[in-house]
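Asks: I am attaching a structure below and will ask some questions about it afterwards.
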Amino acid sequence: MTDLHSLVLESFHAEQGARFGPFAGYRMPIQYPLGVKGEHIHTRDAVGLFDVSHMGQLLIEGAGATKALERLVPASLQDMTRGQIRYSQLTLDNGGILDDLMLTRWDHESWRLVVNGACKFEDIRHLKTYLPAEVTIRYLDNYSLIAVQGPKARRILSELIPDARTLVFMRSLQTTWNDCDIVLSCCGYTGEDGYEISIAKQFVHELADALTDLAETTWVGLGARNSLRLETGLCLYGNDLTTDTTPIEADLLWSIQKRRRIDGGFLGAKIILKQITDGVSRKRVGIKPKDGKTPLREHTVLKNIAGDLVGEITSGGFGPTRRGPVAMGYVSQYLSALGTELVAEVRGKPLSCTVCDPIFIQQRYVRNLSC
C-alpha cells in the first residue's frame with residue numbers, strides 16, 4: 001500500500017477505529033468498529049458520514065463552456081439554472097461510458113463537476129482533448145468532500161449549516177460554516193436524503209470533528225457505501241458501467257433529457273439514439289435468487305432455463321435493509337422482463353433466480369419541502 005495516496009483525514013479515521021484498504025489509488029476507510037452491517041443500518045435510520053475526498057472535483061469555465069461541455073455528455077445543460085445539479089455520463093464515440101458524474105451549473109459559463117476517483121485523471125485528459133482552448137479546467141485538489149446521508153441528515157446538519165434545511169435534492173449553493181467558504185450540495189449515493197460538503201483541506205479536520213459531535217451520526221466506510229447504493233439500484237463505475245456499456249443498456253435513458261434524445265450532438269449520439277429507437281441486445285436488471293439467501297457476486301454467470309449463457313452479475317452482495325441478497329447485472333433483452341426465470345452458476349452449482357427491479361429499497365430523496 002506504499003504507493004497509495006492518503007486522505008487528509010487518514011489519522012482522524014484511524015482514531016475512529018477505521019480499517020483501511022486500497023480503492024481508486026487511495027488508502028480508504030473500508031469499515032469502522034460498528035461494522036458494515038451496522039453502518040449501513042445506521043445510515044438508513046439516522047445519519048452516516050462518508051469521506052469521499054478521493055472523488056475528483058473539477059471547475060470548468062470560460063466563453064462557450066456550456067455548449068462545449070454539452071458535446072461530451074448526453075444531458076441537457078443549456079436549460080439548467082444556477083445551482084442545479086444533473087447526473088450524466090461522459091460518453092465515447094462507441095456510445096460507451098468513460099465515467100458517470102454530477103454536473104452543477106455554477107454560473108452562466110461555469111460548471112462544477114464531481115467525477116469518480118479512479119477515473120478523474122483520464123476524465124481530465126478527455127476534457128482537455130475535446131474542450132476548446134478558451135475553456136479552462138481546474139482540478140480542485142485542494143478541496144475535500146464529505147457526504148452526510150440519512151433520513152435525519154436534514155435536521156441534524158441544519159444545526160451546523162442552517163442552509164441545509166431548505167436545500168432540496170439536486171440543488172447546490174455556496175455558503176459558509178465556521179467562517180469557511182463551502183459548497184453544499186443536496187445529493188449523494190445512498191438513496192437517502194443527504195448532502196455533500198466541499199471544503200478546503202485546511203478546514204476539513206474541524207468539520208469532521210463538528211460532524212462527529214452531532215447526535216446520531218457515525219462514520220461509514222466503503223463497505224456500507226457499496227451495499228447502500230446497491231440496495232437502491234445505483235450503478236458503480238467499473239462494475240455496472242464501462243467503456244463498453246451504453247447509457248441505454250444501463251437503463252439510464254431517464255438521464256437523457258428529451259431535447260438530447262432528438263438533437264443528439266454528443267459523442268456516441270449516433271449509436272445511443274439508434275438504441276433508443278431500435279432497442280438494445282442486453283439490459284441492466286435486478287436479480288434475486290429464489291432461495292432468498294444466497295448472495296450473487298460480481299462475475300456470476302447467468303443462464304437461461306435451457307443452459308445457454310445469457311448474462312452476468314456486475315454487482316451483488318447482501319442488503320442489510322432488505323435482509324437478503326441484492327444484485328444487478330446484464331441479461332439478453334428478450335429475458336429482461338420482470339419475473340423472468342434464470343439460472344445463476346454459484347460455485348459450480350445451478351441456483352434458480354428471477355429478474356426484478358434493480359431498486360430493491362425505495363429511494364428517499366427530498367425533492368420539495370412538503371416531503
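By order of appearance in the C-alpha cells: chains A, B, ..., then residues from 1 within every chain, and ligands from 1 in the order shown.
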Based on the backbone DSSP call, show me all residues of segment 60-282 of chain A assigned strand (DSSP E), as an NGL selection string.
Replies: :A and (60-61 or 85-91 or 97-107 or 110-115 or 136-139 or 143-149 or 172-177 or 180-185 or 194-200 or 217-219 or 282)
Asks: Determine, counting only C-alpha atoms, which protein, DNA and RNA residues have an atom within 10 Å of an atom of Ser144 of chain A; residues of the same chain fewer than 4 positions away are not included. Present the result as a ChimeraX atom specification.
Replies: /A:7-9,51-57,140,197-205
Asks: Go through A:Asp123, A:Glu15, A:Asp193, A:Asp3 and flag the residue nearest Thr43 of chain A, using only C-alpha atoms for the distances.
Replies: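 Using only C-alpha atoms, Thr43 of chain A sits closest to A:Asp193.
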Asks: Select from segment 141-326 of chain A everything DSSP, run on the backbone, classes as helix (DSSP H, G or I), then give the selection as a PyMOL selection string.
Replies: chain A and resi 153-157+162-165+201-213+222-231+253-255+258-263+269-278
Asks: I need the chosen residues saved as a short mmCIF file (atom, residue, chain, number, x, y, z; two decimals), in the first residue's frame, with N, CA and C atoms.
Replies:
```cif
data_model
loop_
_atom_site.label_atom_id
_atom_site.label_comp_id
_atom_site.auth_asym_id
_atom_site.auth_seq_id
_atom_site.Cartn_x
_atom_site.Cartn_y
_atom_site.Cartn_z
N ALA A 153 -30.50 13.50 8.28
CA ALA A 153 -29.40 14.38 7.88
C ALA A 153 -29.84 15.83 7.79
N ARG A 154 -31.03 16.08 7.24
CA ARG A 154 -31.50 17.45 7.05
C ARG A 154 -31.63 18.17 8.39
N ARG A 155 -32.28 17.54 9.33
CA ARG A 155 -32.48 18.19 10.63
C ARG A 155 -31.17 18.36 11.38
N ILE A 156 -30.34 17.33 11.38
CA ILE A 156 -29.13 17.36 12.18
C ILE A 156 -28.06 18.26 11.57
N LEU A 157 -27.86 18.19 10.24
CA LEU A 157 -26.86 19.05 9.63
C LEU A 157 -27.25 20.52 9.72
N PRO A 162 -27.23 26.10 8.64
CA PRO A 162 -28.67 26.37 8.52
C PRO A 162 -29.23 26.26 7.10
N ASP A 163 -28.42 26.56 6.07
CA ASP A 163 -28.90 26.47 4.69
C ASP A 163 -29.30 25.05 4.29
N ALA A 164 -28.83 24.05 5.03
CA ALA A 164 -29.17 22.67 4.70
C ALA A 164 -30.68 22.42 4.83
N ARG A 165 -31.33 23.13 5.71
CA ARG A 165 -32.75 22.88 5.98
C ARG A 165 -33.62 23.06 4.74
N LYS A 201 -9.10 21.82 2.21
CA LYS A 201 -8.48 20.77 3.03
C LYS A 201 -8.02 21.27 4.40
N GLN A 202 -7.60 22.53 4.47
CA GLN A 202 -7.07 23.01 5.75
C GLN A 202 -8.15 23.14 6.83
N PHE A 203 -9.43 23.08 6.40
CA PHE A 203 -10.52 23.20 7.38
C PHE A 203 -11.29 21.90 7.57
N VAL A 204 -10.96 20.85 6.83
CA VAL A 204 -11.81 19.65 6.85
C VAL A 204 -11.73 18.91 8.19
N HIS A 205 -10.59 18.98 8.88
CA HIS A 205 -10.49 18.30 10.17
C HIS A 205 -11.46 18.91 11.18
N GLU A 206 -11.55 20.24 11.17
CA GLU A 206 -12.51 20.91 12.07
C GLU A 206 -13.94 20.50 11.74
N LEU A 207 -14.25 20.41 10.46
CA LEU A 207 -15.59 19.99 10.05
C LEU A 207 -15.86 18.56 10.48
N ALA A 208 -14.88 17.67 10.29
CA ALA A 208 -15.05 16.27 10.68
C ALA A 208 -15.32 16.15 12.18
N ASP A 209 -14.60 16.92 12.98
CA ASP A 209 -14.84 16.91 14.43
C ASP A 209 -16.26 17.39 14.75
N ALA A 210 -16.68 18.46 14.09
CA ALA A 210 -18.02 19.01 14.37
C ALA A 210 -19.11 18.04 13.96
N LEU A 211 -18.95 17.35 12.82
CA LEU A 211 -19.94 16.37 12.38
C LEU A 211 -19.98 15.18 13.32
N THR A 212 -18.82 14.76 13.80
CA THR A 212 -18.74 13.62 14.72
C THR A 212 -19.47 13.92 16.03
N ASP A 213 -19.41 15.18 16.45
CA ASP A 213 -20.02 15.58 17.72
C ASP A 213 -21.55 15.71 17.64
N LEU A 222 -16.35 2.27 2.93
CA LEU A 222 -16.73 1.90 1.57
C LEU A 222 -17.57 0.63 1.52
N GLY A 223 -17.43 -0.24 2.51
CA GLY A 223 -18.22 -1.47 2.52
C GLY A 223 -19.71 -1.17 2.56
N ALA A 224 -20.13 -0.34 3.50
CA ALA A 224 -21.54 0.02 3.61
C ALA A 224 -21.97 0.98 2.50
N ARG A 225 -21.06 1.82 2.05
CA ARG A 225 -21.40 2.70 0.92
C ARG A 225 -21.81 1.86 -0.29
N ASN A 226 -21.11 0.75 -0.49
CA ASN A 226 -21.43 -0.13 -1.62
C ASN A 226 -22.78 -0.81 -1.44
N SER A 227 -23.05 -1.33 -0.25
CA SER A 227 -24.33 -2.02 -0.04
C SER A 227 -25.50 -1.04 -0.06
N LEU A 228 -25.29 0.19 0.41
CA LEU A 228 -26.34 1.21 0.38
C LEU A 228 -26.72 1.57 -1.05
N ARG A 229 -25.71 1.80 -1.90
CA ARG A 229 -26.01 2.19 -3.28
C ARG A 229 -26.62 1.01 -4.04
N LEU A 230 -26.17 -0.21 -3.74
CA LEU A 230 -26.67 -1.38 -4.44
C LEU A 230 -28.14 -1.64 -4.13
N GLU A 231 -28.52 -1.48 -2.87
CA GLU A 231 -29.92 -1.68 -2.50
C GLU A 231 -30.87 -0.74 -3.24
N LEU A 253 -31.78 5.83 -19.58
CA LEU A 253 -32.46 6.73 -20.51
C LEU A 253 -33.03 7.94 -19.79
N TRP A 254 -33.45 7.77 -18.54
CA TRP A 254 -34.04 8.86 -17.76
C TRP A 254 -33.06 10.04 -17.59
N SER A 255 -31.76 9.76 -17.71
CA SER A 255 -30.75 10.82 -17.52
C SER A 255 -30.47 11.59 -18.81
N LYS A 258 -35.23 15.13 -23.10
CA LYS A 258 -35.93 14.97 -24.39
C LYS A 258 -35.20 15.63 -25.56
N ARG A 259 -34.72 16.86 -25.37
CA ARG A 259 -34.05 17.56 -26.47
C ARG A 259 -32.85 16.80 -26.98
N ARG A 260 -32.07 16.21 -26.07
CA ARG A 260 -30.87 15.49 -26.48
C ARG A 260 -31.21 14.17 -27.17
N ARG A 261 -32.36 13.60 -26.83
CA ARG A 261 -32.79 12.36 -27.49
C ARG A 261 -33.14 12.62 -28.95
N ILE A 262 -33.50 13.86 -29.24
CA ILE A 262 -33.89 14.23 -30.62
C ILE A 262 -32.70 14.81 -31.38
N ASP A 263 -32.03 15.78 -30.76
CA ASP A 263 -30.98 16.52 -31.45
C ASP A 263 -29.62 15.84 -31.42
N ALA A 269 -23.56 9.79 -29.96
CA ALA A 269 -25.00 10.04 -30.12
C ALA A 269 -25.62 9.16 -31.21
N LYS A 270 -24.91 8.94 -32.30
CA LYS A 270 -25.47 8.15 -33.40
C LYS A 270 -25.87 6.76 -32.92
N ILE A 271 -25.00 6.14 -32.13
CA ILE A 271 -25.27 4.80 -31.61
C ILE A 271 -26.35 4.84 -30.53
N ILE A 272 -26.23 5.80 -29.62
CA ILE A 272 -27.17 5.87 -28.49
C ILE A 272 -28.58 6.20 -28.95
N LEU A 273 -28.73 7.14 -29.87
CA LEU A 273 -30.06 7.49 -30.37
C LEU A 273 -30.67 6.34 -31.17
N LYS A 274 -29.85 5.58 -31.87
CA LYS A 274 -30.35 4.41 -32.59
C LYS A 274 -30.85 3.36 -31.61
N GLN A 275 -30.15 3.22 -30.48
CA GLN A 275 -30.60 2.27 -29.47
C GLN A 275 -31.91 2.70 -28.83
N ILE A 276 -32.10 4.01 -28.65
CA ILE A 276 -33.37 4.50 -28.12
C ILE A 276 -34.51 4.12 -29.05
N THR A 277 -34.27 4.22 -30.35
CA THR A 277 -35.30 3.92 -31.35
C THR A 277 -35.49 2.43 -31.57
N ASP A 278 -34.37 1.71 -31.73
CA ASP A 278 -34.43 0.31 -32.14
C ASP A 278 -34.32 -0.70 -31.00
#
```
Asks: Skipping near chain neighbours, those fewer than 2 positions away, what residues fall within 7 Å of segment 359-361 of chain A using only C-alpha atoms, listed as a count of residues only?
Replies: 5
Asks: What lies within 12 Å of Arg82 of chain A using only C-alpha atoms, ignoring chain neighbours under 4 positions off, as a list of chain:residue names?
Replies: A:Leu77, A:Gln78, A:Arg86, A:Leu103, A:Thr104, A:Arg105, A:Trp106, A:Asp107, A:His108, A:Glu109, A:Ser110, A:Trp111, A:Arg112, A:Met170, A:Arg171, A:Ser172, A:Leu173, A:Gln174
Asks: Taking C-alpha atoms for each residue, export the selection above as a PDB file, in the first residue's frame.
Replies:
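Generated file (part09.pdb):
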```
ATOM      1  CA  LEU A  77     -27.163  21.576 -19.864  1.00  0.00           C
ATOM      2  CA  GLN A  78     -28.312  24.757 -21.594  1.00  0.00           C
ATOM      3  CA  ARG A  86     -27.741  16.814 -13.057  1.00  0.00           C
ATOM      4  CA  LEU A 103     -22.635  18.418 -13.101  1.00  0.00           C
ATOM      5  CA  THR A 104     -23.658  21.626 -11.339  1.00  0.00           C
ATOM      6  CA  ARG A 105     -24.332  24.856 -13.198  1.00  0.00           C
ATOM      7  CA  TRP A 106     -22.380  27.306 -11.096  1.00  0.00           C
ATOM      8  CA  ASP A 107     -22.847  30.334 -13.342  1.00  0.00           C
ATOM      9  CA  HIS A 108     -23.773  31.041 -16.960  1.00  0.00           C
ATOM     10  CA  GLU A 109     -20.492  29.626 -18.294  1.00  0.00           C
ATOM     11  CA  SER A 110     -19.153  27.976 -15.141  1.00  0.00           C
ATOM     12  CA  TRP A 111     -19.615  24.316 -14.161  1.00  0.00           C
ATOM     13  CA  ARG A 112     -18.601  22.222 -11.165  1.00  0.00           C
ATOM     14  CA  MET A 170     -30.125  18.122  -6.875  1.00  0.00           C
ATOM     15  CA  ARG A 171     -29.541  21.741  -5.854  1.00  0.00           C
ATOM     16  CA  SER A 172     -26.275  23.309  -4.729  1.00  0.00           C
ATOM     17  CA  LEU A 173     -25.156  26.605  -3.197  1.00  0.00           C
ATOM     18  CA  GLN A 174     -22.146  28.383  -1.778  1.00  0.00           C
TER      19      GLN A 174
END
```
Asks: Using only C-alpha atoms, which residues of segment 14-90 of chain A come within 8 Å of segment 303-324 of chain A, and what is the closest atom pair for each, with the distance in Å to one decimal? Give it as CSV, sorted by chain and residue number.
Replies:
```
residue,atom,partner,partner_atom,distance
A:Lys37,CA,A:Pro320,CA,6.0
A:His40,CA,A:Pro320,CA,6.9
A:Ile41,CA,A:Thr321,CA,6.6
A:Arg44,CA,A:Thr321,CA,7.7
```
Asks: Write the residues you've just listed into a file as an mmCIF file, in the first residue's frame, and include N, CA and C atoms for each of them.
Replies:
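Here's the written file result27.cif:
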```cif
data_model
loop_
_atom_site.group_PDB
_atom_site.id
_atom_site.type_symbol
_atom_site.label_atom_id
_atom_site.label_comp_id
_atom_site.auth_asym_id
_atom_site.auth_seq_id
_atom_site.Cartn_x
_atom_site.Cartn_y
_atom_site.Cartn_z
ATOM 1 N N LYS A 37 -22.539 -3.919 8.323
ATOM 2 C CA LYS A 37 -23.987 -4.030 8.520
ATOM 3 C C LYS A 37 -24.497 -2.932 9.441
ATOM 4 N N HIS A 40 -24.412 0.465 7.695
ATOM 5 C CA HIS A 40 -25.477 0.502 6.684
ATOM 6 C C HIS A 40 -26.822 0.822 7.344
ATOM 7 N N ILE A 41 -27.161 0.082 8.377
ATOM 8 C CA ILE A 41 -28.453 0.268 9.044
ATOM 9 C C ILE A 41 -28.527 1.639 9.705
ATOM 10 N N ARG A 44 -29.420 4.195 7.133
ATOM 11 C CA ARG A 44 -30.832 4.099 6.761
ATOM 12 C C ARG A 44 -31.740 4.671 7.865
#
```
Asks: Any idea what's packed within 8 Å of Ala46 of chain A, counting only C-alpha atoms, ignoring anything in its chain fewer than 2 positions away? Could you give it as a list in words?
Replies: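 Here the answer would be His42, Thr43, Arg44, Gly48, Gly150, Pro151, Lys152, Ala153, Glu216 and Thr217 of chain A.
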Asks: Can you work out which one of A:Ile161, A:Ile85, A:Ala344, A:Val148 has the shortest atom-to-atom distance to Val47 of chain A, counting only C-alpha atoms?
Replies: A:Val148
Asks: So which one's closest to Leu236 of chain A, A:Asp141, A:Asp99, A:Asp45, A:Glu39? Using only C-alpha atoms, please.
Replies: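 Among the listed residues, the smallest separation from Leu236 of chain A belongs to A:Asp99.
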Asks: If we count only C-alpha atoms and set the cut-off at 7 Å, which residues sit around segment 64-74 of chain A, ignoring sequence neighbours fewer than 5 positions away in its own chain? Please answer as a list in words.
Replies: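 Returned residues: Ser88, Gln89, Leu90, Thr91, Glu109, Ser110, Leu131, Val135, Ile256, Arg260, Gly265, Phe266 and Leu267 of chain A.
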Asks: What is the distance, in Å and to one decimal place, between atom CA of Val346 of chain A and atom CA of Val301 of chain A?
Replies: 7.9 Å
Asks: To one decimal place, how far is atom CA of Leu369 of chain A from atom CA of Phe169 of chain A in Å?
Replies: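 Value for the atom CA of Leu369 of chain A-atom CA of Phe169 of chain A distance: 9.9 Å.
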Asks: Between A:Gly35, A:Gly292, A:Gly264, A:Gly62, which has the minimum distance to Ser76 of chain A (counting only C-alpha atoms)?
Replies: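 Nearest candidate to Ser76 of chain A out of A:Gly35, A:Gly292, A:Gly264, A:Gly62: A:Gly264.
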Asks: Separation of atom CA of His13 of chain A and atom CA of Pro29 of chain A, in Å?
Replies: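 Between atom CA of His13 of chain A and atom CA of Pro29 of chain A the gap is 7.1 Å.
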Asks: With distances taken over only C-alpha atoms, which of A:Leu234, A:Leu214, A:Ala14, A:Ala327 is nearest to Arg27 of chain A?
Replies: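 Using only C-alpha atoms, the shortest distance to Arg27 of chain A belongs to A:Ala14.
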